Each structure stands twice: as C-alpha cells, then as structure tokens.
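upload_37.csv (CSV, C-alpha atoms) appears below.
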chain,number,residue,atom,x,y,z
A,1,MET,CA,-5.5,120.7,-75.7
A,2,PRO,CA,-2.3,118.7,-76.2
A,3,GLU,CA,-0.4,117.7,-73.0
A,4,ILE,CA,2.6,119.9,-72.2
A,5,SER,CA,5.0,118.9,-69.4
A,6,ILE,CA,7.3,121.6,-68.0
A,7,LYS,CA,9.8,119.0,-66.8
A,8,ALA,CA,11.5,116.2,-68.7
A,9,GLU,CA,9.8,112.8,-68.0
A,10,PRO,CA,11.6,109.5,-67.3
A,11,ILE,CA,11.3,107.0,-70.1
A,12,PHE,CA,13.1,104.1,-68.5
A,13,LYS,CA,15.2,103.1,-65.6
A,14,LEU,CA,18.9,102.2,-65.7
A,15,LEU,CA,20.6,100.9,-62.5
A,16,GLY,CA,18.1,102.7,-60.3
A,17,PHE,CA,18.5,106.0,-62.2
A,18,LYS,CA,15.6,107.5,-64.0
A,19,LEU,CA,16.7,108.2,-67.6
A,20,THR,CA,14.6,111.2,-68.9
A,21,ASN,CA,13.8,111.8,-72.5
A,22,SER,CA,15.8,115.0,-72.7
A,23,ILE,CA,19.0,113.3,-71.5
A,24,PHE,CA,18.4,110.5,-74.0
A,25,THR,CA,18.1,113.1,-76.8
A,26,ALA,CA,21.2,114.9,-75.5
A,27,PHE,CA,23.2,111.8,-75.8
A,28,ILE,CA,22.1,111.1,-79.4
A,29,VAL,CA,23.1,114.7,-80.3
A,30,LEU,CA,26.4,114.2,-78.4
A,31,PHE,CA,27.2,111.2,-80.5
A,32,ILE,CA,26.4,113.0,-83.7
A,33,PHE,CA,28.7,115.9,-82.5
A,34,LEU,CA,31.4,113.4,-81.7
A,35,PHE,CA,31.1,111.7,-85.0
A,36,LEU,CA,31.4,115.1,-86.9
A,37,ALA,CA,34.4,116.1,-84.7
A,38,ILE,CA,36.2,112.9,-85.4
A,39,LYS,CA,35.5,113.1,-89.2
A,40,TYR,CA,36.8,116.7,-89.2
A,41,LYS,CA,39.9,115.7,-87.3
A,42,ASN,CA,40.7,112.9,-89.7
A,43,ASN,CA,40.2,115.2,-92.6
A,44,ILE,CA,42.7,117.7,-91.2
A,45,GLU,CA,45.4,115.1,-91.2
A,46,SER,CA,44.6,113.4,-94.6
A,47,LYS,CA,46.0,114.9,-97.8
A,48,LYS,CA,42.8,114.6,-99.9
A,49,LYS,CA,40.1,116.6,-98.1
A,50,SER,CA,36.4,115.9,-98.6
A,51,SER,CA,33.8,118.7,-99.4
A,52,PHE,CA,32.4,118.1,-95.9
A,53,PHE,CA,35.7,119.4,-94.5
A,54,TYR,CA,35.5,122.7,-96.4
A,55,VAL,CA,31.9,123.4,-95.5
A,56,PHE,CA,32.6,122.6,-91.8
A,57,ASN,CA,35.8,124.6,-91.9
A,58,MET,CA,33.9,127.6,-93.3
A,59,ILE,CA,31.4,127.5,-90.5
A,60,ILE,CA,34.1,127.2,-87.8
A,61,LYS,CA,36.0,130.1,-89.4
A,62,SER,CA,33.0,132.4,-89.3
A,63,ILE,CA,32.4,131.5,-85.6
A,64,TYR,CA,36.1,132.2,-84.9
A,65,ALA,CA,35.8,135.6,-86.6
A,66,LEU,CA,32.8,136.3,-84.4
A,67,PHE,CA,34.7,135.6,-81.2
A,68,TYR,CA,37.7,137.5,-82.5
A,69,SER,CA,35.7,140.7,-82.4
A,70,VAL,CA,35.4,140.3,-78.6
A,71,LEU,CA,38.5,138.5,-77.4
A,72,LYS,CA,41.1,139.7,-80.0
A,73,GLU,CA,44.4,137.7,-79.8
A,74,LYS,CA,43.2,135.6,-76.8
A,75,THR,CA,40.6,133.9,-79.1
A,76,TYR,CA,43.0,131.1,-79.9
A,77,TYR,CA,43.1,130.1,-76.2
A,78,PHE,CA,39.4,130.3,-75.5
A,79,PHE,CA,38.0,129.1,-78.9
A,80,PRO,CA,37.8,125.4,-78.0
A,81,ILE,CA,35.4,125.9,-75.1
A,82,LEU,CA,33.4,128.7,-76.6
A,83,GLY,CA,33.1,127.0,-80.0
A,84,SER,CA,31.9,123.8,-78.3
A,85,PHE,CA,29.3,125.8,-76.4
A,86,PHE,CA,28.0,127.3,-79.6
A,87,LEU,CA,27.9,124.1,-81.6
A,88,PHE,CA,26.5,122.0,-78.8
A,89,ILE,CA,23.7,124.4,-78.1
A,90,LEU,CA,23.0,124.9,-81.8
A,91,PHE,CA,22.8,121.1,-82.4
A,92,GLN,CA,20.6,120.5,-79.4
A,93,ASN,CA,18.2,123.3,-80.4
A,94,TRP,CA,18.0,122.2,-84.0
A,95,PHE,CA,17.6,118.5,-83.1
A,96,GLY,CA,14.6,119.5,-81.0
A,97,LEU,CA,12.9,120.8,-84.2
A,98,LEU,CA,13.1,117.6,-86.2
A,99,PRO,CA,9.9,115.8,-86.9
A,100,GLY,CA,9.3,113.0,-84.4
A,101,VAL,CA,10.7,114.9,-81.5
A,102,GLY,CA,7.7,115.0,-79.0
A,103,SER,CA,5.4,113.1,-81.3
A,104,ILE,CA,6.9,109.6,-81.0
A,105,THR,CA,5.7,108.3,-77.6
A,106,ILE,CA,6.1,105.2,-75.5
A,107,HIS,CA,3.6,104.7,-72.7
A,108,HIS,CA,2.2,108.2,-73.4
A,109,VAL,CA,5.6,109.8,-72.7
A,110,PRO,CA,7.5,111.4,-75.6
A,111,LEU,CA,10.6,109.5,-76.5
A,112,PHE,CA,12.6,112.6,-77.6
A,113,ARG,CA,12.6,116.1,-76.1
A,114,GLY,CA,14.9,118.9,-77.0
A,115,ALA,CA,17.7,118.9,-74.4
A,116,ASN,CA,17.5,122.6,-73.9
A,117,ALA,CA,13.8,122.4,-73.2
A,118,ASP,CA,14.8,120.9,-69.8
A,119,LEU,CA,16.0,123.2,-67.1
A,120,ASN,CA,18.6,120.7,-65.8
A,121,THR,CA,20.6,121.0,-69.1
A,122,THR,CA,20.6,124.8,-69.2
A,123,LEU,CA,21.3,125.1,-65.5
A,124,MET,CA,24.3,122.8,-66.0
A,125,LEU,CA,25.5,125.0,-68.9
A,126,GLY,CA,25.0,128.2,-66.9
A,127,LEU,CA,26.8,126.8,-63.8
A,128,LEU,CA,29.7,125.5,-65.9
A,129,THR,CA,30.1,128.8,-67.7
A,130,VAL,CA,30.1,130.9,-64.4
A,131,ILE,CA,32.6,128.5,-62.8
A,132,LEU,CA,34.8,128.7,-65.9
A,133,ILE,CA,34.7,132.5,-65.8
A,134,GLN,CA,36.0,132.4,-62.2
A,135,PHE,CA,38.6,129.9,-63.1
A,136,PHE,CA,39.9,131.9,-66.0
A,137,GLY,CA,39.8,135.1,-63.9
A,138,ILE,CA,42.0,133.4,-61.3
A,139,LYS,CA,44.3,131.9,-63.9
A,140,PHE,CA,44.9,135.1,-65.8
A,141,LEU,CA,45.0,137.6,-63.0
A,142,GLY,CA,46.2,135.5,-60.1
A,143,PHE,CA,44.2,134.6,-57.0
A,144,ASN,CA,44.9,137.8,-55.0
A,145,GLU,CA,44.3,140.2,-57.9
A,146,TYR,CA,41.0,138.5,-58.9
A,147,ILE,CA,39.5,138.1,-55.4
A,148,LYS,CA,40.0,141.9,-54.9
A,149,LYS,CA,37.0,142.4,-57.2
A,150,PHE,CA,34.8,140.7,-54.6
A,151,ILE,CA,36.4,141.4,-51.2
A,152,ASN,CA,38.0,144.8,-51.0
A,153,ILE,CA,38.4,146.4,-47.6
A,154,SER,CA,40.4,149.5,-48.8
A,155,ASN,CA,37.3,151.6,-48.3
A,156,PRO,CA,33.6,151.1,-47.5
A,157,ILE,CA,32.4,151.9,-51.1
A,158,ASN,CA,34.6,149.2,-52.6
A,159,PHE,CA,33.4,146.8,-50.0
A,160,ALA,CA,29.8,147.4,-51.0
A,161,VAL,CA,30.7,147.2,-54.7
A,162,GLY,CA,32.4,143.8,-54.0
A,163,PHE,CA,29.2,142.6,-52.4
A,164,LEU,CA,27.2,143.6,-55.5
A,165,GLU,CA,29.7,141.8,-57.7
A,166,ILE,CA,29.1,138.6,-55.9
A,167,ILE,CA,25.4,138.9,-56.4
A,168,SER,CA,25.7,139.8,-60.1
A,169,GLU,CA,28.0,136.8,-60.5
A,170,LEU,CA,25.3,134.5,-58.9
A,171,SER,CA,22.5,136.0,-60.9
A,172,ARG,CA,24.4,135.2,-64.1
A,173,ILE,CA,23.8,131.5,-63.5
A,174,LEU,CA,20.0,132.2,-63.4
A,175,SER,CA,19.9,134.5,-66.4
A,176,PHE,CA,22.1,132.2,-68.5
A,177,SER,CA,20.0,129.1,-67.7
A,178,PHE,CA,16.5,130.8,-67.8
A,179,ARG,CA,17.2,132.6,-71.1
A,180,LEU,CA,18.1,129.5,-73.0
A,181,PHE,CA,15.4,127.3,-71.3
A,182,GLY,CA,12.7,129.9,-71.7
A,183,ASN,CA,13.4,130.5,-75.4
A,184,ILE,CA,13.6,126.8,-76.4
A,185,PHE,CA,10.7,125.6,-74.2
A,186,ALA,CA,8.5,128.5,-75.3
A,187,GLY,CA,9.3,127.6,-78.9
A,188,GLU,CA,8.2,124.0,-78.3
A,189,VAL,CA,5.0,125.1,-76.7
A,190,LEU,CA,4.3,127.5,-79.5
A,191,LEU,CA,4.9,124.8,-82.2
A,192,THR,CA,2.6,122.4,-80.3
A,193,ILE,CA,-0.2,124.9,-79.9
A,194,VAL,CA,0.0,126.1,-83.5
A,195,ALA,CA,0.0,122.5,-84.8
A,196,PHE,CA,-3.0,121.8,-82.6
A,197,LEU,CA,-5.0,124.9,-83.8
A,198,ILE,CA,-4.3,124.7,-87.5
A,199,PRO,CA,-3.0,121.2,-88.4
A,200,ILE,CA,-1.6,121.9,-91.9
A,201,LEU,CA,0.9,124.5,-93.3
A,202,ALA,CA,0.5,127.0,-90.4
A,203,SER,CA,3.4,125.6,-88.5
A,204,PHE,CA,5.9,126.4,-91.3
A,205,PRO,CA,6.6,130.1,-90.6
A,206,PHE,CA,6.9,129.3,-86.9
A,207,LEU,CA,9.3,126.4,-87.6
A,208,LEU,CA,11.5,128.9,-89.6
A,209,LEU,CA,11.3,131.3,-86.6
A,210,GLU,CA,12.4,128.5,-84.3
A,211,VAL,CA,15.4,127.7,-86.5
A,212,PHE,CA,16.4,131.3,-86.3
A,213,VAL,CA,15.8,131.5,-82.5
A,214,GLY,CA,17.9,128.4,-82.0
A,215,LEU,CA,20.8,130.0,-83.8
A,216,ILE,CA,20.4,133.3,-82.0
A,217,GLN,CA,20.2,131.7,-78.6
A,218,ALA,CA,23.4,129.6,-79.3
A,219,LEU,CA,25.0,132.8,-80.4
A,220,VAL,CA,23.9,134.8,-77.4
A,221,PHE,CA,25.0,132.2,-75.0
A,222,SER,CA,28.5,131.8,-76.4
A,223,MET,CA,28.9,135.6,-77.1
A,224,LEU,CA,27.9,136.4,-73.5
A,225,SER,CA,30.3,133.8,-72.1
A,226,ALA,CA,33.0,135.4,-74.3
A,227,VAL,CA,32.2,138.9,-73.0
A,228,PHE,CA,32.1,137.8,-69.4
A,229,ILE,CA,35.4,135.9,-69.8
A,230,ASN,CA,36.9,139.0,-71.4
A,231,LEU,CA,35.7,141.1,-68.4
A,232,ALA,CA,37.1,138.6,-65.9
A,233,ILE,CA,40.6,138.4,-67.4
A,234,THR,CA,41.2,142.2,-67.9
A,235,LYS,CA,42.8,144.1,-65.0
A,236,HIS,CA,40.7,146.6,-63.0
A,237,HIS,CA,42.1,149.9,-61.9
B,238,MET,CA,-12.9,133.1,-56.9
B,239,SER,CA,-12.0,129.5,-57.5
B,240,THR,CA,-8.4,128.3,-57.7
B,241,ASP,CA,-8.5,127.6,-61.4
B,242,ALA,CA,-9.9,131.0,-62.3
B,243,ALA,CA,-7.2,132.7,-60.2
B,244,LYS,CA,-4.6,130.5,-61.9
B,245,LEU,CA,-5.8,131.5,-65.4
B,246,ILE,CA,-5.9,135.2,-64.5
B,247,ALA,CA,-2.4,135.0,-63.0
B,248,THR,CA,-1.1,133.2,-66.2
B,249,ALA,CA,-2.5,135.9,-68.5
B,250,LEU,CA,-1.5,138.8,-66.4
B,251,SER,CA,2.1,137.7,-65.8
B,252,ILE,CA,2.8,137.4,-69.6
B,253,ALA,CA,0.7,140.5,-70.5
B,254,ILE,CA,2.4,142.8,-68.0
B,255,GLY,CA,5.8,141.2,-68.6
B,256,ALA,CA,5.6,141.8,-72.3
B,257,ILE,CA,5.1,145.6,-72.0
B,258,GLY,CA,8.7,146.4,-71.1
B,259,PRO,CA,10.5,144.2,-73.6
B,260,GLY,CA,8.1,145.4,-76.3
B,261,LEU,CA,9.1,149.0,-75.7
B,262,GLY,CA,12.7,148.0,-75.4
B,263,ILE,CA,12.8,146.1,-78.7
B,264,GLY,CA,11.0,149.0,-80.4
B,265,ILE,CA,13.6,151.5,-79.2
B,266,ILE,CA,16.5,149.2,-80.2
B,267,GLY,CA,15.1,148.7,-83.7
B,268,GLY,CA,14.5,152.4,-84.1
B,269,LYS,CA,17.9,153.4,-82.9
B,270,ALA,CA,19.5,150.8,-85.2
B,271,VAL,CA,17.7,152.2,-88.2
B,272,GLU,CA,18.9,155.7,-87.1
B,273,ALA,CA,22.4,154.5,-86.9
B,274,LEU,CA,22.1,152.8,-90.3
B,275,GLY,CA,20.9,156.1,-91.8
B,276,ARG,CA,23.9,157.9,-90.4
B,277,ASN,CA,26.5,155.3,-91.2
B,278,PRO,CA,25.3,152.9,-94.0
B,279,GLU,CA,28.6,151.1,-94.4
B,280,ALA,CA,28.5,149.7,-90.8
B,281,GLU,CA,25.5,147.6,-91.6
B,282,SER,CA,26.8,144.2,-90.5
B,283,ALA,CA,28.2,145.5,-87.2
B,284,ILE,CA,24.9,147.3,-86.5
B,285,ARG,CA,22.9,144.2,-87.4
B,286,THR,CA,24.9,141.9,-85.1
B,287,THR,CA,24.7,144.4,-82.2
B,288,MET,CA,21.0,144.9,-82.7
B,289,ILE,CA,20.2,141.2,-82.8
B,290,LEU,CA,22.2,140.7,-79.6
B,291,ALA,CA,20.5,143.6,-77.9
B,292,ILE,CA,17.1,142.4,-79.0
B,293,ALA,CA,17.8,138.9,-77.6
B,294,PHE,CA,18.6,140.5,-74.2
B,295,ALA,CA,15.4,142.5,-74.3
B,296,GLU,CA,13.4,139.5,-75.4
B,297,ALA,CA,14.9,137.4,-72.6
B,298,VAL,CA,13.0,139.5,-70.1
B,299,ALA,CA,9.7,138.6,-71.8
B,300,ILE,CA,10.9,135.0,-71.8
B,301,TYR,CA,11.3,135.1,-68.0
B,302,ALA,CA,7.7,136.3,-67.7
B,303,LEU,CA,6.6,133.6,-70.1
B,304,VAL,CA,8.4,130.9,-68.1
B,305,VAL,CA,6.6,132.1,-64.9
B,306,SER,CA,3.3,132.0,-66.7
B,307,LEU,CA,4.0,128.5,-68.1
B,308,ILE,CA,5.0,127.3,-64.7
B,309,ILE,CA,1.7,128.7,-63.2
B,310,LYS,CA,-0.3,127.1,-66.1
B,311,PHE,CA,1.2,123.6,-66.2
B,312,THR,CA,2.0,122.8,-62.6
Step by step, read the file and then write its structure as structure tokens.
Amino acid sequence: MPEISIKAEPIFKLLGFKLTNSIFTAFIVLFIFLFLAIKYKNNIESKKKSSFFYVFNMIIKSIYALFYSVLKEKTYYFFPILGSFFLFILFQNWFGLLPGVGSITIHHVPLFRGANADLNTTLMLGLLTVILIQFFGIKFLGFNEYIKKFINISNPINFAVGFLEIISELSRILSFSFRLFGNIFAGEVLLTIVAFLIPILASFPFLLLEVFVGLIQALVFSMLSAVFINLAITKHH
Amino acid sequence: MSTDAAKLIATALSIAIGAIGPGLGIGIIGGKAVEALGRNPEAESAIRTTMILAIAFAEAVAIYALVVSLIIKFT
C-alpha cells in the first residue's frame, strides 16, 4: 500500500517555522496567479491585445455571468473577491493533478501537495468567507440592523431563532472547509490507490473525473459565498 | 476484538452507512432534473447548473463520512 498522510508534512525549516509541502505548492500557484493577473492587467492598457487576453477575458466574462444570476447589479462590487476565490481554488485544485505532485519526494516526503488537500488552507478560506459575510452584512445594512438577526429580544421566538442563526453561521465555517478538503483529499487518495492497483491507463478516467471535481468544487465554493453574501445584505422583515 | 480490527470495521462502516443518504439524494435530484427537463426542455442550461450544484451539496455529506473514515484509517 502506498503511504497516505492526512496532514501536510514539513519539508524544510525557515527561521524556526516548519514549511509544509502544501504551503510550498500554494505559493507556487500564487505566483502563477500573480503572473497571469499582471499580464492581463498590462493587456487591458495596451492597444494591441494578445490572444491570451481574449481567452482569459472570455473565461472571466462567463464567471461574471454566473455570479450575475445570484447577485444581480451588486455583482460589480463583489466580483473581485468572488472571482479571486473561484480562480484561486480552481488553480490550486488543478495544480494538484499535475504529474510530479506527490511523486517527487525529498527524504521520503512529497515535495508538492495540492494546497486544498490540507485542512489548514480550506479552513482559512472558510473562515475568511464567513468573516467577510459578516463584514458585508454590517456594511450594507448597518450594525444595528444586521445584529438584529442574531440578538432579537422583541419576543421569545425571535430570540431562539437568533440563537440558531449564530450556530448556523458557525457551522458554515465547518461545512465550507470540510467540503473542499474532503473532495480534493478524497480525489488524491483515489488517484493514488488506482495507480497502485492498476499501474497503466486505469488512472485516466479518474483523472478526468478529478479535473471535473476541481472545477465543480471551485464553483460550489464561490457560488455558495455569493448566495450567503446575498442573504446577508438583503433586509429581513 | 483487537484495536486494528475495530479500526477497519469502523472505517468501512462509516463510509458504507454514510453513503446511503447521499446516494438516495443524488438519485432523487437526477430524477427530478430529468422530469423538469421533460416538462420544460428549453430551460436545459439552468436546470443543469442547479442540478450540479444540488448534487455537489448531496455529495458533500458523503464526503464528510469519507473524511471521518480516512481519519480513522490513517491516524
């Protein structure tokens, strides 16, 4: 049986901090992301646009149309954060499928590991999203109006409902992070086991499945954030 | 029963029982989506998007069970 570790392993130490393989991969993807963003930005300003610009523009436009179906005219305001979530998660998921991820090792520890196959990354994303939802709720409705959803002493039923709202808000962190982590980690385990059982060709359909799952999970994560933000910024009666 | 045997049984049971609900759920979602498609064929893209989102939610429940069983297995 191949060795499978449920947590990211440290590959080297930097100033007393253990640098794990998943954060190493995350930084590589982050630099690719940054490079693409800068290239796109330069292309917007220049007169003669490259074909890269048009392809990237088409992708971003279709993502925008997707969020427009949820957020309507407020999409313009929220698109930077939601679009970044989508592209960041998508790139992380797909980078984890490249050959060499998990198979190149130093001192018996894989050098690369898909960033979303580490619970820390997805927990960070989930925490960030839930905090942002509260932030936008307060910003759009005002502090007093928004807090009424959680603490409402007008009657006992509303008080109990407010208590449930707090719990559902907290459980969102868990469901956000575990959904993404579970899907990506399970995909990695599946690919490892299939490659171990049948070394040639059998991995191919599963690899295609994982490409699809990576896209769907990025979509689900960002769409859910959009839906929750939309819930938080609309007035309750 | 030894600890290892208990661990293996727990791993298998957690994913086996955990997969029942989502399996039923995905079946119902797919069936209803086909029904909706039969009634309203021009809304295909909207139905497909909603169906995939709903399936992802149903599948997430199975994934929680899978995470639990993987944690039992590999720690």
| said: As an exercise, work out the distance from atom CA of Asn144 of chain A to atom CA of Leu82 of chain A in Å and give it to one decimal place. | reply: 26.1 Å
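The gap separating atom CA of Ser177 of chain A from atom CA of Gly142 of chain A is 28.0 Å, in Å to one decimal.
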| field | Distance query Leu97 of chain A at most 9 Å, all atoms listed in the file, self and fewer than 5 positions along chain excluded, as a list of chain:residue names | value | A:Gly114, A:Glu188, A:Leu207, A:Glu210, A:Val211
Find the residues in chain A near chain B: any atom within 7 Å counts, using only C-alpha atoms. Write them as an mmCIF file with C-alpha atoms, in the coordinates of the input.
data_model
loop_
_atom_site.group_PDB
_atom_site.id
_atom_site.type_symbol
_atom_site.label_atom_id
_atom_site.label_comp_id
_atom_site.auth_asym_id
_atom_site.auth_seq_id
_atom_site.Cartn_x
_atom_site.Cartn_y
_atom_site.Cartn_z
ATOM 1 C CA SER A 5 5.000 118.900 -69.400
ATOM 2 C CA ILE A 6 7.300 121.600 -68.000
ATOM 3 C CA PHE A 178 16.500 130.800 -67.800
ATOM 4 C CA ARG A 179 17.200 132.600 -71.100
ATOM 5 C CA GLY A 182 12.700 129.900 -71.700
ATOM 6 C CA ASN A 183 13.400 130.500 -75.400
ATOM 7 C CA VAL A 220 23.900 134.800 -77.400
#
| task | Can you work out which one of A:Asn57, A:Thr192, A:Ile106, A:Ile173 has the shortest atom-to-atom distance to Leu119 of chain A, counting only C-alpha atoms? | result |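 Under the stated criterion, the closest residue is A:Ile173.
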| Pick the closest to Phe136 of chain A from A:Ile11, A:Ile153, A:Leu66, A:Ile81: which is it, counting only C-alpha atoms? |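 Between A:Ile11, A:Ile153, A:Leu66, A:Ile81, the residue approaching Phe136 of chain A most closely is A:Ile81.
Counting from atom CA of Ser103 of chain A, the distance to atom CA of Ala202 of chain A is 17.3 Å.
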| Can you tell me, as a PyMOL selection string, what residues are no more than 12 Å from segment 14-20 of chain A when counting only C-alpha atoms, ignoring any on the same chain fewer than 2 positions away? | chain A and resi 7-12+22-27+109-115+118+120-121
Keeping C-alpha atoms, export the residues of the selection given above as a PDB file, keeping the file's coordinate frame.
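Listing of part31.pdb after writing:
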ATOM      1  CA  LYS A   7       9.800 119.000 -66.800  1.00  0.00           C
ATOM      2  CA  ALA A   8      11.500 116.200 -68.700  1.00  0.00           C
ATOM      3  CA  GLU A   9       9.800 112.800 -68.000  1.00  0.00           C
ATOM      4  CA  PRO A  10      11.600 109.500 -67.300  1.00  0.00           C
ATOM      5  CA  ILE A  11      11.300 107.000 -70.100  1.00  0.00           C
ATOM      6  CA  PHE A  12      13.100 104.100 -68.500  1.00  0.00           C
ATOM      7  CA  SER A  22      15.800 115.000 -72.700  1.00  0.00           C
ATOM      8  CA  ILE A  23      19.000 113.300 -71.500  1.00  0.00           C
ATOM      9  CA  PHE A  24      18.400 110.500 -74.000  1.00  0.00           C
ATOM     10  CA  THR A  25      18.100 113.100 -76.800  1.00  0.00           C
ATOM     11  CA  ALA A  26      21.200 114.900 -75.500  1.00  0.00           C
ATOM     12  CA  PHE A  27      23.200 111.800 -75.800  1.00  0.00           C
ATOM     13  CA  VAL A 109       5.600 109.800 -72.700  1.00  0.00           C
ATOM     14  CA  PRO A 110       7.500 111.400 -75.600  1.00  0.00           C
ATOM     15  CA  LEU A 111      10.600 109.500 -76.500  1.00  0.00           C
ATOM     16  CA  PHE A 112      12.600 112.600 -77.600  1.00  0.00           C
ATOM     17  CA  ARG A 113      12.600 116.100 -76.100  1.00  0.00           C
ATOM     18  CA  GLY A 114      14.900 118.900 -77.000  1.00  0.00           C
ATOM     19  CA  ALA A 115      17.700 118.900 -74.400  1.00  0.00           C
ATOM     20  CA  ASP A 118      14.800 120.900 -69.800  1.00  0.00           C
ATOM     21  CA  ASN A 120      18.600 120.700 -65.800  1.00  0.00           C
ATOM     22  CA  THR A 121      20.600 121.000 -69.100  1.00  0.00           C
TER      23      THR A 121
END
